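Asker: Dropping in protein-v1.txt, with compact mmCIF, C-alpha atoms.
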# COMPACT_ATOMS: atom_id res chain seq x y z
CA MET Z 212 7.42 16.89 -48.56
CA LYS Z 213 8.42 13.49 -47.35
CA ASN Z 214 5.69 11.03 -46.59
CA GLU Z 215 6.53 10.18 -43.00
CA TRP Z 216 5.52 7.20 -40.93
CA PRO Z 217 3.21 8.02 -38.00
CA LEU Z 218 4.62 8.67 -34.56
CA TRP Z 219 4.38 6.19 -31.68
CA GLU Z 220 5.00 6.63 -27.97
CA VAL Z 221 7.05 3.91 -26.33
CA PHE Z 222 6.66 2.56 -22.80
CA ILE Z 223 9.15 0.12 -21.30
CA ARG Z 224 8.83 -2.06 -18.21
CA SER Z 225 12.35 -2.22 -16.89
CA LYS Z 226 11.76 -5.29 -14.74
CA SER Z 227 8.95 -7.46 -13.50
CA GLY Z 228 6.87 -5.76 -10.84
CA LEU Z 229 7.55 -2.22 -12.00
CA SER Z 230 5.15 -0.34 -14.21
CA HIS Z 231 5.74 0.64 -17.82
CA LYS Z 232 7.41 4.00 -18.14
CA HIS Z 233 7.41 6.40 -21.03
CA VAL Z 234 10.86 6.41 -22.64
CA GLY Z 235 10.39 8.27 -25.90
CA SER Z 236 8.86 8.06 -29.32
CA LEU Z 237 9.64 6.68 -32.77
CA HIS Z 238 8.30 6.39 -36.30
CA ALA Z 239 6.77 3.20 -37.66
CA SER Z 240 4.19 2.30 -40.28
CA ASP Z 241 2.14 0.12 -37.95
CA ALA Z 242 1.99 -1.20 -34.38
CA GLU Z 243 3.98 -4.35 -35.08
CA MET Z 244 6.82 -2.40 -36.63
CA ALA Z 245 6.65 0.05 -33.76
CA VAL Z 246 7.29 -2.76 -31.26
CA GLU Z 247 10.26 -3.98 -33.32
CA ASN Z 248 11.71 -0.52 -33.68
CA ALA Z 249 11.19 0.07 -29.97
CA ARG Z 250 13.07 -3.13 -29.25
CA ASP Z 251 16.00 -1.92 -31.35
CA LEU Z 252 15.95 1.69 -30.20
CA TYR Z 253 15.08 1.48 -26.54
CA THR Z 254 16.06 -1.96 -25.22
CA ARG Z 255 19.45 -2.50 -26.83
CA ARG Z 256 21.23 -1.82 -23.57
CA ASN Z 257 19.16 -4.30 -21.67
CA GLU Z 258 16.65 -1.74 -20.44
CA GLY Z 259 13.50 -3.75 -20.49
CA VAL Z 260 11.40 -6.87 -20.24
CA SER Z 261 8.22 -5.58 -21.85
CA ILE Z 262 7.25 -2.97 -24.43
CA TRP Z 263 4.05 -1.02 -25.01
CA VAL Z 264 3.53 1.25 -27.98
CA VAL Z 265 0.67 3.68 -28.41
CA ALA Z 266 -0.01 5.78 -31.49
CA SER Z 267 0.84 9.33 -30.45
CA LYS Z 268 -2.35 10.59 -32.08
CA ASP Z 269 -4.38 8.47 -29.65
CA ILE Z 270 -3.00 10.24 -26.62
CA THR Z 271 -5.16 12.94 -25.12
CA ALA Z 272 -3.11 15.51 -23.27
CA SER Z 273 -4.07 18.17 -20.78
CA ASP Z 274 -3.98 21.73 -22.02
CA PRO Z 275 -0.98 23.71 -20.68
CA ASP Z 276 -3.28 26.74 -20.40
CA ASP Z 277 -5.38 24.78 -17.92
CA SER Z 278 -2.47 24.09 -15.63
CA ASP Z 279 -3.60 26.57 -12.97
CA PRO Z 280 -7.08 25.17 -12.39
CA LEU Z 281 -5.79 21.62 -12.80
CA PHE Z 282 -2.68 21.60 -10.66
CA GLU Z 283 -2.54 24.72 -8.54
CA PRO Z 284 -5.20 23.55 -6.02
CA ALA Z 285 -3.08 20.57 -5.00
CA LYS Z 286 -0.06 22.66 -4.14
CA ASP Z 287 -1.15 23.85 -0.70
CA LYS Z 288 -2.54 20.51 0.42
CA ILE Z 289 0.67 19.17 1.83
CA TYR Z 290 -1.25 16.91 4.20
CA ARG Z 291 -1.89 14.68 1.21
CA HIS Z 292 1.78 13.79 1.10
CA PRO Z 293 2.75 10.89 3.33
CA THR Z 294 5.61 12.91 4.81
CA PHE Z 295 4.41 12.89 8.41
CA TYR Z 296 5.39 9.30 9.08
CA GLU Z 297 8.68 8.12 10.45
CA VAL Z 298 9.92 5.41 8.11
CA PRO Z 299 11.70 2.67 10.09
CA ASN Z 300 15.27 2.07 8.92
CA GLU Z 301 14.47 -1.54 8.09
CA VAL Z 302 12.01 -0.50 5.42
CA THR Z 303 13.60 -0.26 2.00
CA HIS Z 304 12.19 0.63 -1.38
CA MET Z 305 10.18 3.64 -0.18
CA MET R 920 36.43 -28.71 -37.76
CA LYS R 921 38.45 -25.54 -38.11
CA ASN R 922 37.27 -24.96 -41.66
CA TYR R 923 33.68 -25.68 -40.71
CA LEU R 924 33.82 -23.00 -38.04
CA LEU R 925 35.43 -20.60 -40.48
CA GLN R 926 32.56 -21.13 -42.92
CA LEU R 927 30.07 -20.18 -40.22
CA ALA R 928 32.19 -17.29 -39.02
CA ASP R 929 32.90 -15.82 -42.45
CA ASN R 930 29.19 -15.84 -43.35
CA ALA R 931 28.44 -13.85 -40.22
CA LEU R 932 31.38 -11.46 -40.58
CA ILE R 933 30.83 -10.58 -44.23
CA LEU R 934 27.07 -10.18 -43.93
CA GLY R 935 27.60 -8.15 -40.77
CA HIS R 936 30.01 -5.91 -42.66
CA ARG R 937 27.53 -5.44 -45.50
CA LEU R 938 24.77 -4.47 -43.07
CA GLY R 939 27.15 -2.12 -41.34
CA GLU R 940 27.56 -0.27 -44.63
CA TRP R 941 23.96 0.91 -44.13
CA CYS R 942 24.98 2.80 -41.02
CA GLY R 943 23.95 6.40 -41.61
CA HIS R 944 22.31 5.58 -44.96
CA ALA R 945 19.15 3.60 -44.13
CA PRO R 946 15.80 4.96 -45.34
CA GLU R 947 14.70 5.71 -41.77
CA MET R 948 16.62 6.30 -38.55
CA GLU R 949 14.76 3.38 -36.97
CA LEU R 950 15.93 1.07 -39.77
CA ASP R 951 19.45 2.35 -39.49
CA ILE R 952 19.54 1.10 -35.92
CA ALA R 953 17.72 -2.14 -36.73
CA LEU R 954 20.17 -3.07 -39.49
CA THR R 955 23.26 -2.19 -37.51
CA ASN R 956 21.84 -4.10 -34.55
CA ILE R 957 21.68 -7.20 -36.71
CA ALA R 958 25.16 -6.40 -37.99
CA LEU R 959 26.45 -6.33 -34.43
CA ASP R 960 24.77 -9.66 -33.61
CA LEU R 961 26.46 -11.23 -36.63
CA THR R 962 29.85 -9.69 -35.93
CA GLY R 963 29.59 -10.95 -32.35
CA GLN R 964 28.86 -14.46 -33.59
CA ALA R 965 31.80 -14.28 -35.98
CA ARG R 966 34.02 -13.13 -33.15
CA SER R 967 33.14 -16.10 -30.90
CA LEU R 968 33.73 -18.50 -33.76
CA TYR R 969 37.12 -17.02 -34.68
CA GLN R 970 38.18 -17.13 -31.05
CA ARG R 971 37.21 -20.78 -30.95
CA VAL R 972 39.21 -21.52 -34.10
CA GLY R 973 42.18 -19.79 -32.46
CA GLU R 974 41.77 -22.00 -29.40
CA LEU R 975 41.60 -25.13 -31.51
CA GLU R 976 44.66 -24.18 -33.54
CA GLY R 977 46.58 -23.58 -30.34
CA ALA R 978 49.74 -21.59 -29.96
CA SER R 979 52.26 -21.58 -32.77
CA SER R 980 55.93 -22.40 -32.24
CA ASP R 981 56.66 -18.90 -30.95
CA GLY R 982 53.98 -19.33 -28.30
CA VAL R 983 51.47 -16.89 -29.76
CA SER R 984 47.86 -17.90 -30.43
CA LYS R 985 45.84 -16.35 -33.21
CA THR R 986 43.12 -13.92 -32.21
CA GLU R 987 39.84 -13.12 -33.95
CA ASP R 988 41.58 -10.19 -35.64
CA ASP R 989 44.05 -12.48 -37.38
CA TYR R 990 41.18 -14.28 -39.08
CA ALA R 991 39.18 -11.19 -39.93
CA TYR R 992 41.99 -8.89 -41.02
CA LEU R 993 44.88 -11.01 -42.18
CA ARG R 994 43.39 -13.55 -44.56
CA ASP R 995 42.97 -12.98 -48.26
CA VAL R 996 39.96 -13.58 -50.50
CA TRP R 997 40.57 -17.26 -51.28
CA GLU R 998 40.91 -18.07 -47.56
CA PHE R 999 37.40 -16.79 -46.82
CA ARG R 1000 34.72 -19.45 -46.81
CA ASN R 1001 31.52 -17.45 -46.79
CA VAL R 1002 28.74 -18.20 -49.26
CA LEU R 1003 28.45 -15.94 -52.31
CA LEU R 1004 25.09 -14.57 -51.16
CA VAL R 1005 26.43 -12.60 -48.20
CA GLU R 1006 29.08 -10.74 -50.19
CA GLN R 1007 26.57 -9.43 -52.76
CA PRO R 1008 26.24 -5.64 -52.67
CA ASN R 1009 23.57 -3.94 -50.58
CA GLY R 1010 21.89 -2.53 -53.69
CA ASP R 1011 18.67 -0.82 -52.72
CA PHE R 1012 16.74 -1.60 -49.55
CA ALA R 1013 14.80 -4.34 -51.36
CA GLN R 1014 18.03 -6.14 -52.32
CA THR R 1015 19.27 -5.94 -48.75
CA ILE R 1016 16.02 -7.32 -47.34
CA VAL R 1017 15.82 -10.18 -49.83
CA ARG R 1018 19.46 -11.12 -49.23
CA GLN R 1019 18.84 -10.97 -45.49
CA PHE R 1020 15.66 -13.02 -45.66
CA ILE R 1021 17.20 -15.80 -47.75
CA PHE R 1022 20.18 -15.95 -45.41
CA ASP R 1023 18.06 -15.79 -42.23
CA SER R 1024 15.86 -18.66 -43.44
CA TYR R 1025 18.94 -20.83 -43.82
CA HIS R 1026 20.63 -19.44 -40.70
CA PHE R 1027 17.66 -20.07 -38.43
CA TYR R 1028 17.12 -23.74 -39.30
CA MET R 1029 20.85 -24.39 -39.51
CA CYS R 1030 21.40 -22.87 -36.09
CA ARG R 1031 18.44 -24.69 -34.57
CA ALA R 1032 19.85 -27.99 -35.82
CA LEU R 1033 23.29 -26.99 -34.59
CA THR R 1034 22.00 -26.86 -31.00
CA GLN R 1035 21.93 -30.68 -31.28
CA SER R 1036 25.62 -30.86 -32.20
CA THR R 1037 27.67 -33.48 -30.38
CA ASP R 1038 30.30 -30.79 -29.92
CA GLU R 1039 29.53 -29.07 -26.64
CA TRP R 1040 31.04 -25.73 -27.57
CA LEU R 1041 29.13 -25.58 -30.85
CA SER R 1042 25.78 -26.53 -29.34
CA GLY R 1043 26.25 -23.87 -26.68
CA PHE R 1044 27.17 -21.31 -29.29
CA ALA R 1045 24.10 -22.26 -31.35
CA GLU R 1046 21.83 -22.01 -28.32
CA LYS R 1047 22.93 -18.44 -27.71
CA SER R 1048 22.89 -17.34 -31.35
CA LEU R 1049 19.48 -18.85 -32.07
CA LYS R 1050 17.76 -16.16 -29.99
CA GLU R 1051 19.39 -13.45 -32.08
CA ILE R 1052 18.68 -15.21 -35.36
CA THR R 1053 15.03 -15.81 -34.45
CA TYR R 1054 14.64 -12.06 -34.31
CA HIS R 1055 16.56 -11.52 -37.56
CA LEU R 1056 14.24 -13.91 -39.38
CA ARG R 1057 11.18 -12.21 -37.94
CA PHE R 1058 12.49 -8.80 -38.98
CA SER R 1059 13.35 -9.78 -42.54
CA SER R 1060 10.17 -11.88 -43.05
CA GLU R 1061 8.00 -8.96 -42.05
CA TRP R 1062 9.82 -6.62 -44.37
CA MET R 1063 9.47 -9.13 -47.21
CA GLN R 1064 5.72 -8.97 -46.76
CA ARG R 1065 5.48 -5.23 -46.26
CA LEU R 1066 7.44 -4.46 -49.40
CA GLY R 1067 6.45 -7.44 -51.55
CA ASP R 1068 2.79 -6.91 -50.82
CA GLY R 1069 3.12 -3.14 -50.56
CA THR R 1070 2.87 -0.62 -53.37
CA GLU R 1071 3.40 -1.28 -57.04
CA VAL R 1072 6.88 0.23 -56.85
CA SER R 1073 7.96 -1.71 -53.75
CA HIS R 1074 6.61 -4.94 -55.23
CA ALA R 1075 8.53 -4.41 -58.47
CA LYS R 1076 11.77 -3.70 -56.60
CA MET R 1077 11.35 -6.79 -54.45
CA GLN R 1078 10.59 -9.01 -57.42
CA THR R 1079 13.71 -7.70 -59.19
CA ALA R 1080 15.76 -8.38 -56.06
CA ILE R 1081 14.48 -11.96 -55.82
CA GLU R 1082 15.33 -12.57 -59.43
CA SER R 1083 18.86 -11.24 -59.13
CA LEU R 1084 19.70 -12.97 -55.83
CA TRP R 1085 17.93 -16.30 -56.27
CA THR R 1086 20.93 -17.80 -58.04
CA TYR R 1087 22.87 -17.53 -54.75
CA SER R 1088 20.24 -19.28 -52.63
CA GLY R 1089 21.15 -22.83 -53.55
CA GLU R 1090 24.66 -22.74 -52.13
CA LEU R 1091 23.36 -22.25 -48.59
CA ILE R 1092 21.61 -25.61 -48.49
CA THR R 1093 24.02 -27.62 -50.66
CA PRO R 1094 26.71 -29.24 -48.51
CA ASN R 1095 30.36 -29.17 -49.56
CA GLU R 1096 32.83 -31.87 -48.55
CA ILE R 1097 33.59 -30.29 -45.19
CA GLU R 1098 29.92 -30.03 -44.28
CA LYS R 1099 29.24 -33.63 -45.34
CA GLU R 1100 32.13 -34.85 -43.25
CA LEU R 1101 31.16 -32.90 -40.13
CA ALA R 1102 27.48 -33.85 -40.50
CA SER R 1103 28.40 -37.52 -40.64
CA GLN R 1104 30.22 -37.09 -37.33
CA GLY R 1105 27.18 -35.46 -35.72
CA ILE R 1106 29.14 -32.26 -35.18
CA GLY R 1107 27.90 -30.23 -38.12
CA VAL R 1108 24.41 -29.77 -39.52
CA ASP R 1109 23.11 -32.13 -42.19
CA LEU R 1110 22.01 -29.56 -44.76
CA ASN R 1111 19.95 -32.14 -46.64
CA LYS R 1112 17.88 -32.57 -43.50
CA ILE R 1113 17.11 -28.89 -43.00
CA LYS R 1114 16.63 -28.20 -46.70
CA PRO R 1115 12.86 -28.99 -46.68
CA GLU R 1116 12.33 -26.63 -43.71
CA VAL R 1117 14.31 -23.83 -45.30
CA THR R 1118 12.56 -24.08 -48.66
CA ALA R 1119 9.15 -24.37 -46.98
CA LYS R 1120 9.81 -21.22 -44.98
CA ILE R 1121 10.98 -19.31 -48.03
CA SER R 1122 7.99 -20.45 -50.11
CA GLU R 1123 5.59 -19.56 -47.33
CA VAL R 1124 6.93 -16.02 -46.95
CA LEU R 1125 7.23 -15.47 -50.71
CA ALA R 1126 3.59 -16.50 -51.16
CA ALA R 1127 2.49 -14.16 -48.37
CA SER R 1128 4.58 -11.41 -49.98
CA ASN R 1129 3.03 -11.91 -53.39
CA LEU R 1130 6.49 -12.67 -54.84
CA THR R 1131 7.63 -15.51 -57.07
CA ALA R 1132 11.02 -17.17 -57.16
CA PRO R 1133 12.51 -17.98 -60.56
CA GLU R 1134 12.29 -21.65 -61.42
CA GLY R 1135 14.90 -24.02 -62.72
CA ILE R 1136 17.76 -21.54 -62.86
CA TRP R 1137 21.46 -22.27 -62.45
CA MET R 1138 22.63 -22.02 -58.85
CA GLN R 1139 25.99 -20.36 -58.24
CA LYS R 1140 28.39 -21.92 -55.77
CA GLY R 1141 32.04 -21.84 -54.73
CA GLY R 1142 32.20 -19.39 -51.85
CA LYS R 1143 32.37 -22.14 -49.24
CA ASP R 1144 35.52 -23.42 -50.93
CA GLY R 1145 37.12 -20.02 -51.36
CA ARG R 1146 35.99 -19.20 -54.92
CA HIS R 1147 34.38 -15.79 -54.64
CA SER R 1148 32.71 -13.13 -56.73
CA GLU R 1149 34.60 -9.90 -57.40
CA HIS R 1150 32.76 -8.20 -54.53
CA LEU R 1151 34.60 -9.87 -51.68
CA GLY R 1152 37.91 -8.30 -52.65
CA TYR R 1153 36.43 -4.83 -52.34
CA ILE R 1154 34.89 -5.67 -48.96
CA LEU R 1155 38.23 -6.89 -47.65
CA ALA R 1156 40.05 -3.91 -49.09
CA GLU R 1157 37.88 -1.64 -46.99
CA MET R 1158 37.64 -3.86 -43.92
CA GLN R 1159 41.31 -4.76 -43.75
CA PHE R 1160 42.89 -1.51 -44.90
CA LEU R 1161 43.87 -0.22 -41.49
CA GLN R 1162 45.46 -3.45 -40.25
CA ARG R 1163 47.29 -3.94 -43.53
CA ALA R 1164 48.62 -0.39 -43.68
CA TYR R 1165 49.40 -0.12 -39.97
CA PRO R 1166 50.00 -3.66 -38.69
CA GLY R 1167 49.07 -4.16 -35.05
CA GLN R 1168 47.38 -0.77 -34.79
CA ALA R 1169 44.78 -0.63 -32.01
CA TRP R 1170 42.34 1.95 -30.67
Could the structure of this file be written out as structure tokens, please?

Answerer:
Amino acid sequence: MKNEWPLWEVFIRSKSGLSHKHVGSLHASDAEMAVENARDLYTRRNEGVSIWVVASKDITASDPDDSDPLFEPAKDKIYRHPTFYEVPNEVTHM
Amino acid sequence: MKNYLLQLADNALILGHRLGEWCGHAPEMELDIALTNIALDLTGQARSLYQRVGELEGASSDGVSKTEDDYAYLRDVWEFRNVLLVEQPNGDFAQTIVRQFIFDSYHFYMCRALTQSTDEWLSGFAEKSLKEITYHLRFSSEWMQRLGDGTEVSHAKMQTAIESLWTYSGELITPNEIEKELASQGIGVDLNKIKPEVTAKISEVLAASNLTAPEGIWMQKGGKDGRHSEHLGYILAEMQFLQRAYPGQAW
């Protein structure tokens, strides 16, 4: 079996002021190489101004089997959504 | 001036073509993209330079100016002015990285000095290219260290690569008549001036990579004046085939 480089998750900030967003993953032998590979793989079409990489193994994910207790309770609490306000036409970026 | 630009352009075009040969064959998908990205940077630089040469030559008697394609596809081996280093075969990944690193070390300091050119077009071109080349040098320097200072096998391959390519390193920083002339006019780069920086950079990275350059060996030259190794002919045969077989074909 091939000795593969570890997996990294890549986050790109598309422009100043926005937050980093997960865009995908890649293989690299260390963090520095991961940033370089991310630059070549995910910003070659001018997608970003900043890169974060995180070793995939360091990410703790929620268990899909827990999705009912975790997410179901929020579903019927529509009052938590700010949908009851009239947004004035002049306001953009909402 | 025209020949000086062609030297710069041919270096970029031929090395870009060599790197492009890795497309689909690199050891990792990520490297495949990295190498072809550098190839595209270099091809783009060559393209600007050829266009500039076409502008300087002006229209011929029938009113047609040469385009970048005329220079890339319709010149023969002896009209190419690239250094011998860039036409050397890809070999294994170690050979490619060593070739790239030696070229990038020259390219970076040359380009940085070229931003001070008295020729406005050239200094602008250098300004733009320097950003790309800065990344190339970073990429190849890091790979030098990873592989040179890596496993026993990677170290051995890198040391072999250094020994086989070192003989082509001298030509980069040894000016020919055209370069001397253009440097004296403040248009071109004085290679004697950047030589200490280039050799210092190479020594620094080699030391960090646990690699040693051969000492006191004969340095090959001739590419800048159109005297090439056998490899360039094969590159052109592949690169120019379509335009030669089907003149004017486009897609």

Asker: Would you give me, as a PyMOL selection string, the residues of chain R that come within 10 Å of chain Z, using all atoms listed in the file?

Answerer: chain R and resi 947-957+1054+1057-1058+1061-1062+1065

Asker: Env of Z:Ile262: 12 Å cut, atoms = all atoms listed in the file, seq-sep filter 3 positions within chain, self excluded. Answer as a PyMOL selection string.

Answerer: chain Z and resi 220-227+230-235+242-243+245-254+258-259+265

Asker: For stretch 957-975 of chain R, take all atoms listed in the file, fit an axis-aligned box around them, add 4 Å to each of the six sides, then output centre and edge lengths in Å rounded to one decimal, as lines of an AutoDock Vina configuration file.

Answerer:
center_x = 31.9
center_y = -15.7
center_z = -33.7
size_x = 28.5
size_y = 26.8
size_z = 16.6

Asker: Neighbours of R:Glu974 within 9 Å (all atoms listed in the file; same-chain residues fewer than 5 positions away dropped), as a short mmCIF file (atom, residue, chain, number, x, y, z; two decimals) with C-alpha atoms, in the frame of the given file?

Answerer:
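Saved the output as result_34.cif:
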data_model
loop_
_atom_site.label_atom_id
_atom_site.label_comp_id
_atom_site.auth_asym_id
_atom_site.auth_seq_id
_atom_site.Cartn_x
_atom_site.Cartn_y
_atom_site.Cartn_z
CA TYR R 969 37.12 -17.02 -34.68
CA SER R 984 47.86 -17.90 -30.43
CA LYS R 985 45.84 -16.35 -33.21
CA THR R 986 43.12 -13.92 -32.21
#

Asker: Please provide as a PDB file with C-alpha atoms, in the coordinates of the input all residues within 8 Å of R:Asp960, with the sequence filter that same-chain residues fewer than 4 positions apart are discarded (counting only C-alpha atoms).

Answerer:
ATOM      1  CA  GLY R 935      27.600  -8.150 -40.770  1.00  0.00           C
ATOM      2  CA  ASN R 956      21.840  -4.100 -34.550  1.00  0.00           C
ATOM      3  CA  GLN R 964      28.860 -14.460 -33.590  1.00  0.00           C
ATOM      4  CA  GLU R1051      19.390 -13.450 -32.080  1.00  0.00           C
TER       5      GLU R1051
END

Asker: Give as number ranges by chain each residue that has an atom at most 9 Å from (24.2, -31.7, -43.0) in the file, counting all atoms listed in the file.

Answerer: R: 1029, 1092-1094, 1098-1103, 1105, 1107-1113

Asker: Just to confirm, what's the straight-line distance from atom CA of R:Gln970 to atom CA of R:Asn1009 in Å (one decimal)?

Answerer: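 Calculated distance between atom CA of R:Gln970 and atom CA of R:Asn1009 is 27.7 Å.
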
Asker: Could you jot down the atom CA of R:Gly963 to atom CA of R:Gln1104 separation for me, Å, one decimal place?

Answerer: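 According to the coordinates, atom CA of R:Gly963 and atom CA of R:Gln1104 are separated by 26.6 Å.
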
Asker: Pick from R:Tyr992, R:Phe1012, R:Phe1027, R:Phe999: nearest to R:Gly1145, with all atoms listed in the file counted?

Answerer: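 Among the listed residues, the smallest separation from R:Gly1145 belongs to R:Phe999.
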
Asker: Check the smallest atom-to-atom distance from each of R:Ile1136, R:Leu1161, R:Ala991, R:Ala1013 to R:Tyr1087 using all atoms listed in the file, then report the winner.

Answerer: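 Residue with the minimum atom-to-atom distance to R:Tyr1087: R:Ile1136.
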
Asker: Please list as a ChimeraX atom specification every residue within 8 Å of R:Gly1141, counting all atoms listed in the file and excluding residues in the same chain fewer than 5 positions away.

Answerer: /R:1002-1003,1090,1146-1147

Asker: I'd like the interatomic distance between atom CA of R:Ala1045 and atom CA of R:Glu987, to a tenth of an Å.

Answerer: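 One can read the atom CA of R:Ala1045 to atom CA of R:Glu987 distance as 18.4 Å.
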
Asker: Restore N, CA and C atoms in stretch 1111-1134 of chain R and list the result as a compact mmCIF listing (two decimals), in the coordinates of the input.

Answerer:
# COMPACT_ATOMS: atom_id res chain seq x y z
N ASN R 1111 21.04 -31.47 -45.93
CA ASN R 1111 19.95 -32.14 -46.64
C ASN R 1111 18.73 -32.30 -45.74
N LYS R 1112 18.99 -32.41 -44.45
CA LYS R 1112 17.88 -32.57 -43.50
C LYS R 1112 17.11 -31.28 -43.30
N ILE R 1113 17.83 -30.14 -43.25
CA ILE R 1113 17.11 -28.89 -43.00
C ILE R 1113 16.57 -28.26 -44.29
N LYS R 1114 17.04 -28.78 -45.42
CA LYS R 1114 16.63 -28.20 -46.70
C LYS R 1114 15.10 -28.06 -46.86
N PRO R 1115 14.32 -29.13 -46.53
CA PRO R 1115 12.86 -28.99 -46.68
C PRO R 1115 12.29 -27.85 -45.82
N GLU R 1116 12.83 -27.69 -44.60
CA GLU R 1116 12.33 -26.63 -43.71
C GLU R 1116 12.65 -25.25 -44.27
N VAL R 1117 13.89 -25.13 -44.77
CA VAL R 1117 14.31 -23.83 -45.30
C VAL R 1117 13.47 -23.46 -46.53
N THR R 1118 13.31 -24.41 -47.45
CA THR R 1118 12.56 -24.08 -48.66
C THR R 1118 11.08 -23.84 -48.35
N ALA R 1119 10.55 -24.59 -47.36
CA ALA R 1119 9.15 -24.37 -46.98
C ALA R 1119 8.96 -22.96 -46.42
N LYS R 1120 9.91 -22.56 -45.58
CA LYS R 1120 9.81 -21.22 -44.98
C LYS R 1120 9.87 -20.14 -46.07
N ILE R 1121 10.83 -20.31 -46.97
CA ILE R 1121 10.98 -19.31 -48.03
C ILE R 1121 9.72 -19.25 -48.90
N SER R 1122 9.19 -20.43 -49.27
CA SER R 1122 7.99 -20.45 -50.11
C SER R 1122 6.81 -19.79 -49.40
N GLU R 1123 6.71 -20.09 -48.11
CA GLU R 1123 5.59 -19.56 -47.33
C GLU R 1123 5.63 -18.02 -47.32
N VAL R 1124 6.81 -17.47 -47.04
CA VAL R 1124 6.93 -16.02 -46.95
C VAL R 1124 6.79 -15.37 -48.34
N LEU R 1125 7.36 -16.02 -49.36
CA LEU R 1125 7.23 -15.47 -50.71
C LEU R 1125 5.76 -15.41 -51.12
N ALA R 1126 5.01 -16.47 -50.80
CA ALA R 1126 3.59 -16.50 -51.16
C ALA R 1126 2.85 -15.37 -50.44
N ALA R 1127 3.15 -15.22 -49.15
CA ALA R 1127 2.49 -14.16 -48.37
C ALA R 1127 2.91 -12.78 -48.87
N SER R 1128 4.06 -12.70 -49.51
CA SER R 1128 4.58 -11.41 -49.98
C SER R 1128 4.19 -11.14 -51.42
N ASN R 1129 3.46 -12.10 -52.01
CA ASN R 1129 3.03 -11.91 -53.39
C ASN R 1129 4.23 -11.87 -54.36
N LEU R 1130 5.28 -12.64 -54.01
CA LEU R 1130 6.49 -12.67 -54.84
C LEU R 1130 6.69 -14.08 -55.38
N THR R 1131 7.35 -14.17 -56.54
CA THR R 1131 7.63 -15.51 -57.07
C THR R 1131 9.12 -15.69 -57.33
N ALA R 1132 9.61 -16.86 -56.92
CA ALA R 1132 11.02 -17.17 -57.16
C ALA R 1132 11.16 -17.73 -58.57
N PRO R 1133 12.28 -17.41 -59.23
CA PRO R 1133 12.51 -17.98 -60.56
C PRO R 1133 12.64 -19.50 -60.45
N GLU R 1134 12.20 -20.19 -61.49
CA GLU R 1134 12.29 -21.65 -61.42
C GLU R 1134 13.36 -22.20 -62.34
